[in-house]
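Written below as C-alpha cells is the structure these notes are about.
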Amino acid sequence: MKKGKPDLAELLRKMSKKGYYPTLSFICQKSSVHYSEILNYGLNTPIVESKATVTLIVRNLTGMGLIKRSIINSRPVRTVYQLTEKGQKLLEYLRAIEQLLA
C-alpha cells in the first residue's frame with residue numbers, strides 16, 4: 001500500500017474498524033471541527049475507549065486523504081479538521097451502501 005493511496009481492500013478494512021465511519025460522519029456533519037470536538041465525540045459516545053484510539057483514527061483518516069488538517073495560528077494554536085472532496089465522495093458511497101442494506 002502506498003501512503004495516501006490505499007487500495008480498495010485496505011480502504012474497506014480501515015473503514016470497517018470501530019470508530020472510523022462514525023468519526024468521518026461527525027466531521028462531515030460539523031463541516032469544520034477542532035480536534036477537541038472529535039475527541040469529546042469519540043469518548044462521550046460508545047465509539048472508542050481512549051484518546052489514543054481517537055488520535056489513531058484521525059491520523060489514519062488524514063493519511064488516507066479523507067480529511068485535511070489545518071493549523072490556525074492564534075492563541076492558543078488550534079487544529080481544525082475538514083472533509084476532503086475524496087472523503088465527501090467516500091461518505092456518500094458508504095451512505096448509499098447503508099441505504100441498500102436497510
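Letters A, B, ... go to the chains of the C-alpha cells in the order shown; residues in each chain start at 1; ligands are counted from 1 in the same order.
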- Extract, using only C-alpha atoms, all DNA, RNA and protein residues at most 12 Å from A:Leu56, discarding same-chain residues fewer than 5 positions from it, and format them as a ChimeraX atom specification. /A:14,17-20,23,38-39,42,48,50-51,61-63
Taking 5 positions as the minimum chain separation for residues in the same chain, which residues sit within 12 Å of A:Val77 when counting only C-alpha atoms? Answer as an mmCIF file with C-alpha atoms, in the first residue's frame.
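Wrote out07.cif, looks like this:
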data_model
loop_
_atom_site.group_PDB
_atom_site.id
_atom_site.type_symbol
_atom_site.label_atom_id
_atom_site.label_comp_id
_atom_site.auth_asym_id
_atom_site.auth_seq_id
_atom_site.Cartn_x
_atom_site.Cartn_y
_atom_site.Cartn_z
ATOM 1 C CA HIS A 34 -11.446 21.084 16.231
ATOM 2 C CA TYR A 35 -9.542 18.049 17.455
ATOM 3 C CA SER A 70 -5.270 22.837 9.142
ATOM 4 C CA ILE A 71 -3.451 24.828 11.798
ATOM 5 C CA ILE A 72 -4.965 28.125 12.922
#
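Proximity ranking of A:Lys68, A:Arg59, A:Arg75, A:Arg13 relative to A:Gln88 places A:Lys68 first, based on only C-alpha atoms.
The interatomic distance for the pair atom CA of A:Glu37 and atom CA of A:Met64 works out to 20.7 Å.
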- Message: I'd like to know which of A:Ile57, A:Ile27, A:Ile47, A:Ser36 is closest to A:Tyr81, using only C-alpha atoms.
- Response: A:Ile27
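Residue neighbourhood of A:Tyr21, excluding near-sequence residues (fewer than 6 positions): Met15, Leu91 and Leu94 of chain A, at 9 Å, using only C-alpha atoms.
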- Using DSSP on the backbone, list every residue of chain A that comes out as strand (DSSP E or B), and give them as a list in words. Lys2, Lys5, Val33, His34, Ile67, Lys68, Arg69, Ser70, Ile71, Ile72, Arg78, Thr79, Val80, Tyr81, Gln82 and Leu83 of chain A
